[in-house]
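Only one structure is covered here, and it is reproduced in the block below.
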Amino acid sequence: MFVAGMLPATASWQPALPRSASASAFPDENFLRSRPDVGYNRPMLQTARPKKKSQPKAPAHEKYLEAFRWMLLTRTFEEKLASMYRGGRITGGVYIGKGQEAVSVACGIFLQKGDIFAPLIRDQAGRSAFGEPLVDVARTYLGSRAGPMRGRDGNIHRGKPRDGQLAMISHLGAMVSVVVGSLMAKRGRGEKNFIGLTTIGEGGMQTGASHEGMNIAAVERVPLVVVATNNHYAYSTPNEREFACANLVDRARGYGFEGYELDGTDLAQCLDVIGSAVKRARAGRPPASRRLHPPSRRPWRARRFRVRHRRYSQGAIRD
């Protein structure tokens, strides 16, 4: 299944809780109010506007709150990482997913034991929702031998394959084929009730590895969900120089995928569409693709826009 998404260029993440939610749902609310530096914004805890008939069905209240907590925790943690980098405590580079937490958490929150998840560099919210301890993230960035990479890698090439979270080889399409191969291996061992999910940017979708992986996934009918996020630019290359089709989600039909497009800044929509894709894949439907996009476009691709530069690194520690 192919899911694509986008954040509008002027978007910033300002999630609101469902009408039935209250500030008391967060035990650490007083702490957050006393710490404006962690990005806490009081309107986040205000009730949402009444749902219009044209809006998608809201996800379960408990699932929405769980996703929101992971988003808030991830934002706070990554801002601390950036602060530590600027203070000289972290070497190398720091990659944060500010503004992209909604689609990321939706990717990890519906997965279960036995599934395969191949996140990319801005998917900390999804990693956490899938079960990665933040202490392992901190140990990796600090080069600790107690971390999952034993001090051999300093940022985002970490994972625990035995637990289903693959270590990222590259964000340029390579993980699609790795997930497909892993799913075929699980099928060959006779395992049941598993799926694989990987994320990719619109730039990575232009590589041969991503095309090969998606093609064999469709031919072999493996239970795969691909979430493609359109950031408008791959490094400095704009969309019009990356692909000629009107929408990346249009490629889904050519592969034999089911495809949907959605707004990557809308948590409720991300939970609804990606959750549905995971459920269909688990039921044996064809591979699916999702792309993130502005609300005015049709479902099956996700568009979004980074609200920070590509990474915190030497010469790039600016807002």
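Residue numbering restarts at 1 in every chain; chains get A, B, ... in the order shown in the structure tokens, and ligands count up from 1 in that same order.
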Test item: residues at most 12 Å from Arg241 (chain A), only C-alpha atoms, excluding those fewer than 4 positions along its chain, as a ChimeraX atom specification: /A:202-203,206,232-237,245
Those residues you just picked out, can you put them in a file as an mmCIF file, in the first residue's frame with C-alpha atoms?
```
data_model
loop_
_atom_site.group_PDB
_atom_site.id
_atom_site.type_symbol
_atom_site.label_atom_id
_atom_site.label_comp_id
_atom_site.auth_asym_id
_atom_site.auth_seq_id
_atom_site.Cartn_x
_atom_site.Cartn_y
_atom_site.Cartn_z
ATOM 1 C CA GLU A 202 9.823 12.235 -2.648
ATOM 2 C CA GLY A 203 13.506 12.541 -3.560
ATOM 3 C CA GLN A 206 13.294 8.787 -7.836
ATOM 4 C CA HIS A 232 8.711 20.030 -1.737
ATOM 5 C CA TYR A 233 12.515 19.929 -1.999
ATOM 6 C CA ALA A 234 15.041 17.082 -2.083
ATOM 7 C CA TYR A 235 18.042 18.954 -0.684
ATOM 8 C CA SER A 236 17.786 21.962 -3.048
ATOM 9 C CA THR A 237 15.887 20.283 -5.919
ATOM 10 C CA CYS A 245 3.608 13.405 -13.020
#
```
Could you please write out, as a ChimeraX atom specification, every residue of region 242-280 of chain A that DSSP assigns to strand (DSSP E)? /A:258-263
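Compared by their closest atoms to Met149 (chain A), and using only C-alpha atoms, the residues A:Pro161, A:Arg285, A:Asp123, A:Ala244 rank with A:Pro161 nearest.
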Nearby residues (only C-alpha atoms) at most 12 Å from Arg162 (chain A), same-chain spacing under 4 positions excluded, as a ChimeraX atom specification: /A:113-117,148,166-167,182
Mind giving me the straight-line distance from CA of Ser177 (chain A) to CA of Tyr255 (chain A) in Å, one decimal?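 Separating CA of Ser177 (chain A) from CA of Tyr255 (chain A) is a distance of 14.2 Å.
Residues in contact with His157 (chain A) at up to 10 Å, not including ones fewer than 5 positions away on its chain and judged by only C-alpha atoms, are Pro119, Leu120, Ile121, Thr140, Met149, Arg152, Leu166, Ala167, Met168, Ile169 and Ser170 of chain A.
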Please, could you write that set of residues out with N, CA and C atoms as a compact mmCIF listing (two decimals), in the first residue's frame?
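Contents of the output file out_22.txt:
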```txt
# COMPACT_ATOMS: atom_id res chain seq x y z
N PRO A 119 12.20 3.00 9.65
CA PRO A 119 12.05 4.45 9.69
C PRO A 119 13.23 5.16 9.06
N LEU A 120 13.04 6.45 8.80
CA LEU A 120 14.13 7.27 8.25
C LEU A 120 14.57 8.30 9.28
N ILE A 121 15.28 9.31 8.83
CA ILE A 121 16.00 10.20 9.74
C ILE A 121 15.09 11.11 10.56
N THR A 140 23.13 6.66 21.70
CA THR A 140 23.68 6.64 20.35
C THR A 140 24.29 7.99 19.99
N MET A 149 24.15 0.74 19.10
CA MET A 149 25.21 0.70 18.10
C MET A 149 26.60 0.58 18.74
N ARG A 152 29.53 2.86 17.79
CA ARG A 152 30.10 2.83 16.44
C ARG A 152 29.40 3.80 15.49
N LEU A 166 14.47 -2.04 11.72
CA LEU A 166 15.69 -2.17 10.93
C LEU A 166 16.56 -0.93 11.07
N ALA A 167 17.86 -1.15 11.10
CA ALA A 167 18.80 -0.03 11.11
C ALA A 167 18.84 0.58 9.72
N MET A 168 18.75 1.89 9.66
CA MET A 168 18.66 2.57 8.37
C MET A 168 19.98 2.50 7.62
N ILE A 169 19.92 1.96 6.38
CA ILE A 169 21.09 1.94 5.51
C ILE A 169 21.24 3.29 4.83
N SER A 170 20.16 3.76 4.24
CA SER A 170 20.16 5.02 3.50
C SER A 170 18.73 5.51 3.40
```
Secondary structure check, helix (DSSP H, G or I) residues of region 39-149 of chain A, as a compact mmCIF listing (two decimals) with N, CA and C atoms, in the first residue's frame:
```
# COMPACT_ATOMS: atom_id res chain seq x y z
N ARG A 42 -0.04 26.40 25.14
CA ARG A 42 -1.31 26.18 25.81
C ARG A 42 -2.45 25.82 24.85
N PRO A 43 -2.54 26.46 23.64
CA PRO A 43 -3.63 26.09 22.74
C PRO A 43 -3.64 24.63 22.34
N MET A 44 -2.50 23.93 22.51
CA MET A 44 -2.47 22.50 22.17
C MET A 44 -3.48 21.71 22.98
N LEU A 45 -3.75 22.16 24.21
CA LEU A 45 -4.62 21.40 25.10
C LEU A 45 -6.05 21.91 25.09
N HIS A 61 -10.59 7.98 20.70
CA HIS A 61 -10.07 9.00 21.60
C HIS A 61 -8.76 8.56 22.27
N GLU A 62 -8.70 7.33 22.73
CA GLU A 62 -7.51 6.84 23.41
C GLU A 62 -6.31 6.81 22.47
N LYS A 63 -6.52 6.37 21.22
CA LYS A 63 -5.42 6.31 20.26
C LYS A 63 -4.91 7.71 19.92
N TYR A 64 -5.83 8.66 19.83
CA TYR A 64 -5.43 10.04 19.54
C TYR A 64 -4.57 10.59 20.69
N LEU A 65 -5.01 10.37 21.92
CA LEU A 65 -4.24 10.85 23.06
C LEU A 65 -2.87 10.19 23.14
N GLU A 66 -2.83 8.88 22.88
CA GLU A 66 -1.55 8.17 22.90
C GLU A 66 -0.60 8.75 21.86
N ALA A 67 -1.10 9.00 20.64
CA ALA A 67 -0.27 9.57 19.58
C ALA A 67 0.20 10.97 19.95
N PHE A 68 -0.70 11.77 20.54
CA PHE A 68 -0.35 13.13 20.92
C PHE A 68 0.77 13.13 21.95
N ARG A 69 0.70 12.20 22.90
CA ARG A 69 1.75 12.13 23.93
C ARG A 69 3.10 11.80 23.31
N TRP A 70 3.12 10.86 22.36
CA TRP A 70 4.38 10.53 21.69
C TRP A 70 4.91 11.73 20.92
N MET A 71 4.02 12.47 20.28
CA MET A 71 4.44 13.66 19.54
C MET A 71 5.06 14.70 20.47
N LEU A 72 4.41 14.94 21.58
CA LEU A 72 4.89 15.94 22.53
C LEU A 72 6.23 15.52 23.14
N LEU A 73 6.34 14.24 23.48
CA LEU A 73 7.58 13.72 24.04
C LEU A 73 8.72 13.83 23.02
N THR A 74 8.44 13.48 21.77
CA THR A 74 9.45 13.55 20.73
C THR A 74 9.92 14.97 20.49
N ARG A 75 8.95 15.91 20.41
CA ARG A 75 9.33 17.31 20.19
C ARG A 75 10.24 17.81 21.31
N THR A 76 9.88 17.51 22.55
CA THR A 76 10.68 17.95 23.70
C THR A 76 12.07 17.33 23.67
N PHE A 77 12.13 16.03 23.40
CA PHE A 77 13.41 15.32 23.39
C PHE A 77 14.32 15.84 22.28
N GLU A 78 13.78 16.03 21.08
CA GLU A 78 14.61 16.46 19.96
C GLU A 78 15.10 17.90 20.13
N GLU A 79 14.29 18.74 20.73
CA GLU A 79 14.76 20.09 21.00
C GLU A 79 15.91 20.07 22.01
N LYS A 80 15.87 19.13 22.94
CA LYS A 80 16.98 18.97 23.88
C LYS A 80 18.22 18.48 23.16
N LEU A 81 18.07 17.55 22.22
CA LEU A 81 19.22 17.08 21.44
C LEU A 81 19.86 18.23 20.67
N ALA A 82 19.02 19.07 20.05
CA ALA A 82 19.54 20.21 19.30
C ALA A 82 20.29 21.17 20.22
N SER A 83 19.74 21.37 21.43
CA SER A 83 20.40 22.24 22.40
C SER A 83 21.75 21.66 22.82
N MET A 84 21.81 20.35 23.02
CA MET A 84 23.07 19.70 23.39
C MET A 84 24.09 19.79 22.26
N TYR A 85 23.62 19.71 21.02
CA TYR A 85 24.54 19.85 19.89
C TYR A 85 25.14 21.25 19.85
N ARG A 86 24.28 22.24 20.01
CA ARG A 86 24.78 23.62 19.99
C ARG A 86 25.74 23.89 21.15
N GLU A 101 5.93 15.22 13.09
CA GLU A 101 5.63 14.20 14.09
C GLU A 101 4.32 13.46 13.84
N ALA A 102 3.32 14.15 13.26
CA ALA A 102 2.00 13.52 13.10
C ALA A 102 2.05 12.29 12.21
N VAL A 103 2.64 12.42 11.02
CA VAL A 103 2.69 11.28 10.11
C VAL A 103 3.64 10.21 10.64
N SER A 104 4.71 10.63 11.31
CA SER A 104 5.66 9.66 11.84
C SER A 104 5.03 8.79 12.93
N VAL A 105 4.34 9.42 13.87
CA VAL A 105 3.74 8.64 14.96
C VAL A 105 2.66 7.70 14.43
N ALA A 106 1.96 8.11 13.39
CA ALA A 106 0.93 7.25 12.80
C ALA A 106 1.55 6.01 12.16
N CYS A 107 2.81 6.12 11.72
CA CYS A 107 3.48 4.97 11.12
C CYS A 107 3.84 3.92 12.15
N GLY A 108 4.22 4.35 13.36
CA GLY A 108 4.68 3.39 14.35
C GLY A 108 3.63 2.90 15.31
N ILE A 109 2.56 3.67 15.50
CA ILE A 109 1.63 3.38 16.59
C ILE A 109 0.72 2.18 16.31
N GLN A 124 11.52 9.91 14.60
CA GLN A 124 11.66 9.56 16.00
C GLN A 124 10.32 9.31 16.67
N ALA A 125 9.29 10.06 16.29
CA ALA A 125 7.97 9.83 16.88
C ALA A 125 7.49 8.42 16.57
N GLY A 126 7.68 7.97 15.35
CA GLY A 126 7.29 6.62 14.98
C GLY A 126 8.15 5.57 15.65
N ARG A 127 9.44 5.83 15.76
CA ARG A 127 10.34 4.90 16.45
C ARG A 127 9.89 4.72 17.91
N SER A 128 9.60 5.84 18.56
CA SER A 128 9.20 5.77 19.97
C SER A 128 7.88 5.02 20.12
N ALA A 129 6.91 5.31 19.24
CA ALA A 129 5.61 4.65 19.32
C ALA A 129 5.74 3.14 19.07
N PHE A 130 6.75 2.75 18.29
CA PHE A 130 6.98 1.33 18.00
C PHE A 130 7.76 0.64 19.12
N LEU A 134 13.98 6.02 24.56
CA LEU A 134 14.70 7.26 24.31
C LEU A 134 16.13 7.19 24.86
N VAL A 135 16.34 6.37 25.90
CA VAL A 135 17.69 6.26 26.44
C VAL A 135 18.63 5.67 25.39
N ASP A 136 18.14 4.78 24.52
CA ASP A 136 18.97 4.24 23.45
C ASP A 136 19.31 5.33 22.43
N VAL A 137 18.37 6.22 22.17
CA VAL A 137 18.62 7.32 21.24
C VAL A 137 19.70 8.24 21.80
N ALA A 138 19.57 8.60 23.08
CA ALA A 138 20.55 9.47 23.72
C ALA A 138 21.92 8.82 23.74
N ARG A 139 21.98 7.54 24.06
CA ARG A 139 23.27 6.84 24.11
C ARG A 139 23.93 6.81 22.74
N THR A 140 23.13 6.66 21.70
CA THR A 140 23.68 6.64 20.35
C THR A 140 24.29 7.99 19.99
N TYR A 141 23.53 9.06 20.22
CA TYR A 141 24.04 10.39 19.89
C TYR A 141 25.27 10.76 20.72
```
Taking 4 positions as the minimum chain separation for residues in the same chain, which residues sit within 12 Å of Thr207 (chain A) when counting only C-alpha atoms? Answer as a list in words. Ser170, His171, Leu172, Gly173, Ala174, Met175, Val176, Ser177, Ile200, Gly201, Glu202, Gly203, His211, Glu212, Gly213, Met214, Glu242 and Phe243 of chain A
Shell around region 195-197 of chain A at 8 Å using only C-alpha atoms, local window under 4 positions removed, as a PyMOL selection string: chain A and resi 107+114-118+179-180+183+222-227+278+281-282
For Thr91 (chain A), the nearest of the candidates A:Met205, A:Ala146, A:Asp153, A:Leu111, counting only C-alpha atoms: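 Looking at the shortest contact to Thr91 (chain A), the residue is A:Asp153.
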For each of A:Ala252, A:Asn155, A:Tyr260, A:Gly99, take the minimum atom-to-atom distance to Ala218 (chain A), counting only C-alpha atoms, then give the residue where this is smallest. A:Ala252
Just to confirm, what's the straight-line distance from CA of Gly147 (chain A) to CA of Gly92 (chain A) in Å (one decimal)?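 Computed distance, CA of Gly147 (chain A) to CA of Gly92 (chain A), equals 16.4 Å.
One finds CA of Ile156 (chain A) at 23.6 Å from CA of Cys270 (chain A).
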